[in-house]
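Working notes, structure below.
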Amino acid sequence: MRKASVVVGAQFGDEGKGKIVDVMAGGMDLIVRYQGGANAGHTIVADGVTYKLHLIPTGVVRGKRSLIGAGVVLDPAALAQELEGLAAGGKEITPAGLGIDFRTHVVLPWHAAIDVARQANKAIGTTGRGIGPAYEDAVARTGITFSDFVQASVLRERLAVIADGKQKQLQLLGGHGPDAAQVEAEFLELAARLAPFACDVSHELSVAMASGKAVLFEGAQGTHLDRNFGTYPFVTSSSTTSGGACVGAGVPPSAIGEVHGIAKAYTTRVGSGPFPTELMDATGERICEKGREYGTTTGRKRRVGWLDVPMLRRSHELNGFTHIHLTKLDVLEGLPELKIAVGYRLADGTQTDLLPATVKEMDSATPQFISVPGFEEIGEAGWKLVAQEGIAKGFAALPEKARQYVEKVEKLVGVRIASASIGPERESIIWAGK
Ligand code: IMP
């Protein structure tokens, strides 16, 4: 059996996973999403065209077979829209290119309405895509699977059972959703269109790996948004760590080989929740603007802060990284000094190099920083030259202080940094050791 690779976010999502997956996809046969839904946003720039994907695995841009596993919650309207967008950009996706597991749960319009209505009351700051409510129904065994969805009679039956309760739930929350007849009509149309994509992802993967095919699992969101191990309750509702690939796609742990963690050279977070290294000053503002830190899915401005090494080490504990890819290094250019959090002082005065385990502790802990020299501003043209030189020289092509920053992070986290990216294009990734 050929072992699969997993790509996961090492921070709070938006680490630039899409780009790394896109490049790795070149050597893969199958690309698989295993958790989350249309809350994700992956931006890939290929041959000058920008693709923004939410649900469909990034591999489609490379023409690779892409699979959506049972652990995903799938919004059929969002999927249809994404397929249309790809077709408009010249990439027609057929069932040969995309498969959706029969067991994948479907996000209903009421789920999104409930998500939004709840946010009006208490602010986790979700994406409003109905992710939490859809997973609730899946766990409560009251959801609609993709297999139910594509059989018209079953879909009608399931909607008839569910609609009334959802409307009542919404009324209690002070929100409102579409009426049942409208949802039924829309869903029957979408189901007819999407039915050819239904398949058994878990079985297909088992057969593919046994015959030596290369499989890449594409994680969405980030480790510290994991439902169990993230900054609960400020998390998403799925398992975002590497283990999530096993339960979400239906493969055994022994099927996983490499685990690639993606980390920005700094940290960002969108939505509420603890963020100890957050910058509330002009430096944060500068990084935000230079890094164009606005959400792909909601357009919300991301919160920005320094790199947090205890956070990355904790990610490594949870995911077992074999490689780390450091992204958006170029965004830090021109800052005279860079800070890296290397530990915490807890409320009782004790020092630790561990990430505090609870939200309460995290809120009251003070990050302890080291300071390293910043690197000079060389601009887009300068980074393009560095990228060209990087093909032959690897990290040695980086400006000296930028290279020192990468090496420092590698040493502090204790995982090999396999690449550093210095621009949005595929070509702007420098690989170590060349
Ligand atoms: P939900 O996934 O929409 O329920 O949102 C829960 C939390 O996860 C919120 O703080 C969101 O901002 C965050 N979140 C969800 N998806 C992403 C993502 O793809 N990138 C970054 N944050 C995300």
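Chains: A, B, ... in order of the structure tokens. Residues: from 1 per chain. Ligands: from 1, in order shown.
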Hey, could you make a per-residue contact list for chain A against ligand 1 with 9 Å as the cut-off, showing the nearest pair of atoms and its distance in Å to one decimal, counting only C-alpha atoms and all ligand atoms, sorted by chain and number, as a Markdown table?
| residue | atom | partner | partner_atom_place_in_ligand_line | distance |
| --- | --- | --- | --- | --- |
| A:Phe12 | CA | ligand 1 | 21 (C) | 5.9 |
| A:Gly13 | CA | ligand 1 | 21 (C) | 4.0 |
| A:Asp14 | CA | ligand 1 | 20 (N) | 4.8 |
| A:Glu15 | CA | ligand 1 | 20 (N) | 8.2 |
| A:Gly36 | CA | ligand 1 | 2 (O) | 7.0 |
| A:Gly37 | CA | ligand 1 | 2 (O) | 7.9 |
| A:Ala38 | CA | ligand 1 | 16 (N) | 8.0 |
| A:Asn39 | CA | ligand 1 | 16 (N) | 4.4 |
| A:Ala40 | CA | ligand 1 | 19 (O) | 3.4 |
| A:Gly41 | CA | ligand 1 | 19 (O) | 5.2 |
| A:His42 | CA | ligand 1 | 19 (O) | 7.7 |
| A:His54 | CA | ligand 1 | 19 (O) | 8.2 |
| A:Asp115 | CA | ligand 1 | 4 (O) | 7.8 |
| A:Ile124 | CA | ligand 1 | 10 (O) | 5.8 |
| A:Gly125 | CA | ligand 1 | 10 (O) | 4.9 |
| A:Thr126 | CA | ligand 1 | 5 (O) | 3.3 |
| A:Thr127 | CA | ligand 1 | 3 (O) | 3.7 |
| A:Gly128 | CA | ligand 1 | 3 (O) | 5.4 |
| A:Arg129 | CA | ligand 1 | 3 (O) | 5.6 |
| A:Gly130 | CA | ligand 1 | 3 (O) | 6.7 |
| A:Ile131 | CA | ligand 1 | 4 (O) | 5.0 |
| A:Gly132 | CA | ligand 1 | 4 (O) | 5.0 |
| A:Pro133 | CA | ligand 1 | 4 (O) | 8.4 |
| A:Ala220 | CA | ligand 1 | 19 (O) | 6.0 |
| A:Gln221 | CA | ligand 1 | 19 (O) | 4.3 |
| A:Gly222 | CA | ligand 1 | 21 (C) | 7.1 |
| A:Leu225 | CA | ligand 1 | 8 (O) | 6.0 |
| A:Asp226 | CA | ligand 1 | 8 (O) | 8.8 |
| A:Pro233 | CA | ligand 1 | 6 (C) | 8.7 |
| A:Phe234 | CA | ligand 1 | 10 (O) | 5.8 |
| A:Val235 | CA | ligand 1 | 7 (C) | 4.7 |
| A:Thr236 | CA | ligand 1 | 6 (C) | 3.9 |
| A:Ser237 | CA | ligand 1 | 4 (O) | 6.0 |
| A:Ser238 | CA | ligand 1 | 2 (O) | 8.0 |
| A:Thr268 | CA | ligand 1 | 21 (C) | 8.5 |
| A:Arg269 | CA | ligand 1 | 22 (N) | 6.5 |
| A:Val270 | CA | ligand 1 | 12 (O) | 4.5 |
| A:Gly271 | CA | ligand 1 | 10 (O) | 3.8 |
| A:Ser272 | CA | ligand 1 | 10 (O) | 5.5 |
| A:Gly273 | CA | ligand 1 | 10 (O) | 7.1 |
| A:Gly295 | CA | ligand 1 | 20 (N) | 7.3 |
| A:Thr296 | CA | ligand 1 | 19 (O) | 8.0 |
| A:Thr297 | CA | ligand 1 | 19 (O) | 7.4 |
| A:Thr298 | CA | ligand 1 | 12 (O) | 8.6 |
| A:Arg300 | CA | ligand 1 | 12 (O) | 8.6 |
| A:Arg302 | CA | ligand 1 | 21 (C) | 8.6 |
Stretch 360-364 of chain A environment, 8 Å, only C-alpha atoms, sequence neighbours closer than 2 positions dropped, as a ChimeraX atom specification: /A:274-276,346-347,355-358,366
Quick one: DSSP strand (DSSP E) residues in stretch 87-283 of chain A, as JSON, numbers by chain? {"A": [98, 99, 100, 101, 105, 106, 198, 199, 215, 216, 217, 218, 256, 257, 258, 259, 260, 261, 262, 263, 264, 267, 268, 269]}
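Comparing A:Leu354, A:Ala77, A:Ala418, A:Ala117 by their smallest distance to A:Val342, the closest is A:Leu354 (using only C-alpha atoms).
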In stretch 190-234 of chain A, what's alpha helix (DSSP H) per DSSP? Answer as JSON, numbers by chain? {"A": [190, 191, 192, 193, 194, 201, 202, 203, 204, 205, 206, 207, 208, 209, 210]}
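With only C-alpha atoms as the atoms that count, the minimum distance from A:Phe102 to the choices A:Val73, A:Ile417, A:Val406, A:Ala365 is reached by A:Val73.
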A:Phe217: which residues within 8 Å, counting only C-alpha atoms, same-chain residues fewer than 4 positions away excluded, as a PyMOL selection string? chain A and resi 4-7+31-34+245
Next, dump the selected residues to file, keeping only N, CA, C and O atoms, as a PDB file, in the first residue's frame.
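Listed below is the output, selection-v3.pdb:
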ATOM      1  N   ALA A   4      -0.421   7.757   2.102  1.00  0.00           N
ATOM      2  CA  ALA A   4      -0.913   9.060   1.660  1.00  0.00           C
ATOM      3  C   ALA A   4      -0.213  10.185   2.417  1.00  0.00           C
ATOM      4  O   ALA A   4       0.377   9.962   3.476  1.00  0.00           O
ATOM      5  N   SER A   5      -0.296  11.389   1.880  1.00  0.00           N
ATOM      6  CA  SER A   5       0.217  12.577   2.576  1.00  0.00           C
ATOM      7  C   SER A   5      -0.964  13.449   2.988  1.00  0.00           C
ATOM      8  O   SER A   5      -2.001  13.465   2.321  1.00  0.00           O
ATOM      9  N   VAL A   6      -0.757  14.168   4.093  1.00  0.00           N
ATOM     10  CA  VAL A   6      -1.801  15.085   4.570  1.00  0.00           C
ATOM     11  C   VAL A   6      -1.219  16.485   4.662  1.00  0.00           C
ATOM     12  O   VAL A   6      -0.079  16.661   5.100  1.00  0.00           O
ATOM     13  N   VAL A   7      -2.011  17.471   4.267  1.00  0.00           N
ATOM     14  CA  VAL A   7      -1.633  18.872   4.453  1.00  0.00           C
ATOM     15  C   VAL A   7      -2.614  19.493   5.436  1.00  0.00           C
ATOM     16  O   VAL A   7      -3.833  19.410   5.228  1.00  0.00           O
ATOM     17  N   ILE A  31      -6.805  13.877  -4.872  1.00  0.00           N
ATOM     18  CA  ILE A  31      -6.769  14.913  -3.839  1.00  0.00           C
ATOM     19  C   ILE A  31      -8.103  14.846  -3.088  1.00  0.00           C
ATOM     20  O   ILE A  31      -9.168  14.808  -3.719  1.00  0.00           O
ATOM     21  N   VAL A  32      -8.041  14.852  -1.760  1.00  0.00           N
ATOM     22  CA  VAL A  32      -9.246  14.560  -0.971  1.00  0.00           C
ATOM     23  C   VAL A  32      -9.492  15.611   0.107  1.00  0.00           C
ATOM     24  O   VAL A  32      -8.598  15.916   0.899  1.00  0.00           O
ATOM     25  N   ARG A  33     -10.707  16.151   0.159  1.00  0.00           N
ATOM     26  CA  ARG A  33     -11.137  16.971   1.303  1.00  0.00           C
ATOM     27  C   ARG A  33     -11.813  16.034   2.296  1.00  0.00           C
ATOM     28  O   ARG A  33     -12.584  15.157   1.912  1.00  0.00           O
ATOM     29  N   TYR A  34     -11.554  16.214   3.585  1.00  0.00           N
ATOM     30  CA  TYR A  34     -12.092  15.270   4.565  1.00  0.00           C
ATOM     31  C   TYR A  34     -12.861  15.906   5.715  1.00  0.00           C
ATOM     32  O   TYR A  34     -13.426  15.200   6.544  1.00  0.00           O
ATOM     33  N   ALA A 245      -8.169  13.205   8.846  1.00  0.00           N
ATOM     34  CA  ALA A 245      -8.168  12.611   7.498  1.00  0.00           C
ATOM     35  C   ALA A 245      -8.647  11.160   7.558  1.00  0.00           C
ATOM     36  O   ALA A 245      -9.345  10.693   6.658  1.00  0.00           O
TER      37      ALA A 245
END
Go through A:Lys339, A:His316, A:Arg103, A:Lys19 and flag the residue nearest A:Arg62, using only C-alpha atoms for the distances. A:Lys19
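Excluding stretch 322-333 of chain A and any residue on its chain fewer than 5 positions from it, the residues at most 6 Å away by only C-alpha atoms are Glu258, Val259, His260, Gly261, Ile262, Ala263, Lys264, Ala265, Lys290, Gly291, Phe375, Glu376, Glu377, Arg416, Ile417, Ala418, Ser419, Ala420, Ser421 and Ile422 of chain A.
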How about saving the chosen residues, N, CA and C atoms kept, as a compact mmCIF listing (two decimals), in the first residue's frame?
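Result written to again-v9.txt:
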# COMPACT_ATOMS: atom_id res chain seq x y z
N GLU A 258 3.42 11.04 5.09
CA GLU A 258 3.89 12.40 5.39
C GLU A 258 2.76 13.29 5.91
N VAL A 259 3.12 14.16 6.86
CA VAL A 259 2.16 15.16 7.36
C VAL A 259 2.80 16.54 7.20
N HIS A 260 2.23 17.33 6.33
CA HIS A 260 2.79 18.66 6.04
C HIS A 260 1.98 19.73 6.78
N GLY A 261 2.66 20.44 7.67
CA GLY A 261 2.00 21.53 8.39
C GLY A 261 2.30 22.85 7.69
N ILE A 262 1.26 23.63 7.48
CA ILE A 262 1.47 24.93 6.82
C ILE A 262 1.32 26.03 7.87
N ALA A 263 2.33 26.88 7.95
CA ALA A 263 2.29 27.99 8.91
C ALA A 263 2.70 29.28 8.22
N LYS A 264 1.96 30.33 8.52
CA LYS A 264 2.39 31.64 8.03
C LYS A 264 3.63 32.07 8.81
N ALA A 265 4.42 32.97 8.26
CA ALA A 265 5.61 33.47 8.96
C ALA A 265 5.21 34.35 10.13
N LYS A 290 -0.23 44.66 3.91
CA LYS A 290 0.77 44.10 3.00
C LYS A 290 0.44 42.63 2.66
N GLY A 291 -0.07 41.92 3.66
CA GLY A 291 -0.41 40.50 3.44
C GLY A 291 -1.81 40.32 2.88
N PHE A 375 14.29 41.96 7.97
CA PHE A 375 15.04 41.95 6.71
C PHE A 375 14.55 43.08 5.80
N GLU A 376 15.45 43.50 4.94
CA GLU A 376 15.20 44.70 4.12
C GLU A 376 14.07 44.49 3.11
N GLU A 377 13.47 45.62 2.71
CA GLU A 377 12.39 45.58 1.73
C GLU A 377 13.02 45.45 0.34
N ARG A 416 11.63 20.13 10.48
CA ARG A 416 12.28 20.63 9.27
C ARG A 416 11.34 21.55 8.48
N ILE A 417 11.84 22.72 8.12
CA ILE A 417 11.05 23.59 7.24
C ILE A 417 11.41 23.24 5.81
N ALA A 418 10.43 22.71 5.10
CA ALA A 418 10.69 22.17 3.77
C ALA A 418 10.62 23.24 2.69
N SER A 419 9.83 24.29 2.96
CA SER A 419 9.75 25.36 1.96
C SER A 419 9.37 26.67 2.61
N ALA A 420 9.73 27.73 1.92
CA ALA A 420 9.33 29.07 2.36
C ALA A 420 8.71 29.74 1.16
N SER A 421 7.55 30.37 1.33
CA SER A 421 6.98 31.00 0.15
C SER A 421 7.04 32.51 0.28
N ILE A 422 7.32 33.14 -0.86
CA ILE A 422 7.65 34.57 -0.87
C ILE A 422 6.82 35.34 -1.89
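Shortest separation to A:Glu84 among A:Gln119, A:Arg193, A:Ser147, A:Lys168 occurs at residue A:Arg193, atoms counted being only C-alpha atoms.
Across the structure, atom CA of A:Glu278 and atom CA of A:Val304 are spaced 5.6 Å apart.
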Could you give me, as a PyMOL selection string, the residues within 9 Å of A:Met209, counting only C-alpha atoms and dropping anything in the same chain fewer than 5 positions from it? chain A and resi 1-4+204+214-215+255
Using the selection just defined, write its residues with N, CA and C atoms as a PDB file, in the first residue's frame.
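What follows is the written file out.pdb:
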ATOM      1  N   MET A   1       0.844  -1.213   0.000  1.00  0.00           N
ATOM      2  CA  MET A   1       0.000   0.000   0.000  1.00  0.00           C
ATOM      3  C   MET A   1       0.872   1.254   0.000  1.00  0.00           C
ATOM      4  N   ARG A   2       0.561   2.156  -0.898  1.00  0.00           N
ATOM      5  CA  ARG A   2       1.301   3.421  -0.896  1.00  0.00           C
ATOM      6  C   ARG A   2       0.681   4.353   0.124  1.00  0.00           C
ATOM      7  N   LYS A   3       1.507   4.930   0.984  1.00  0.00           N
ATOM      8  CA  LYS A   3       0.968   5.792   2.032  1.00  0.00           C
ATOM      9  C   LYS A   3       0.596   7.164   1.475  1.00  0.00           C
ATOM     10  N   ALA A   4      -0.421   7.757   2.102  1.00  0.00           N
ATOM     11  CA  ALA A   4      -0.913   9.060   1.660  1.00  0.00           C
ATOM     12  C   ALA A   4      -0.213  10.185   2.417  1.00  0.00           C
ATOM     13  N   GLU A 204     -12.916   3.762  -2.717  1.00  0.00           N
ATOM     14  CA  GLU A 204     -12.055   4.157  -3.855  1.00  0.00           C
ATOM     15  C   GLU A 204     -10.622   4.410  -3.387  1.00  0.00           C
ATOM     16  N   ALA A 214      -0.939   7.751  -5.634  1.00  0.00           N
ATOM     17  CA  ALA A 214      -0.537   8.770  -4.654  1.00  0.00           C
ATOM     18  C   ALA A 214      -1.741   9.612  -4.250  1.00  0.00           C
ATOM     19  N   VAL A 215      -1.994   9.661  -2.942  1.00  0.00           N
ATOM     20  CA  VAL A 215      -3.175  10.358  -2.424  1.00  0.00           C
ATOM     21  C   VAL A 215      -2.741  11.515  -1.528  1.00  0.00           C
ATOM     22  N   ALA A 255      -2.441   4.280   6.893  1.00  0.00           N
ATOM     23  CA  ALA A 255      -2.381   4.742   5.502  1.00  0.00           C
ATOM     24  C   ALA A 255      -1.691   6.094   5.368  1.00  0.00           C
TER      25      ALA A 255
END
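Comparing A:Pro310, A:Gly71, A:Pro178, A:Gly334 by their smallest distance to A:Val139, the closest is A:Gly71 (using only C-alpha atoms).
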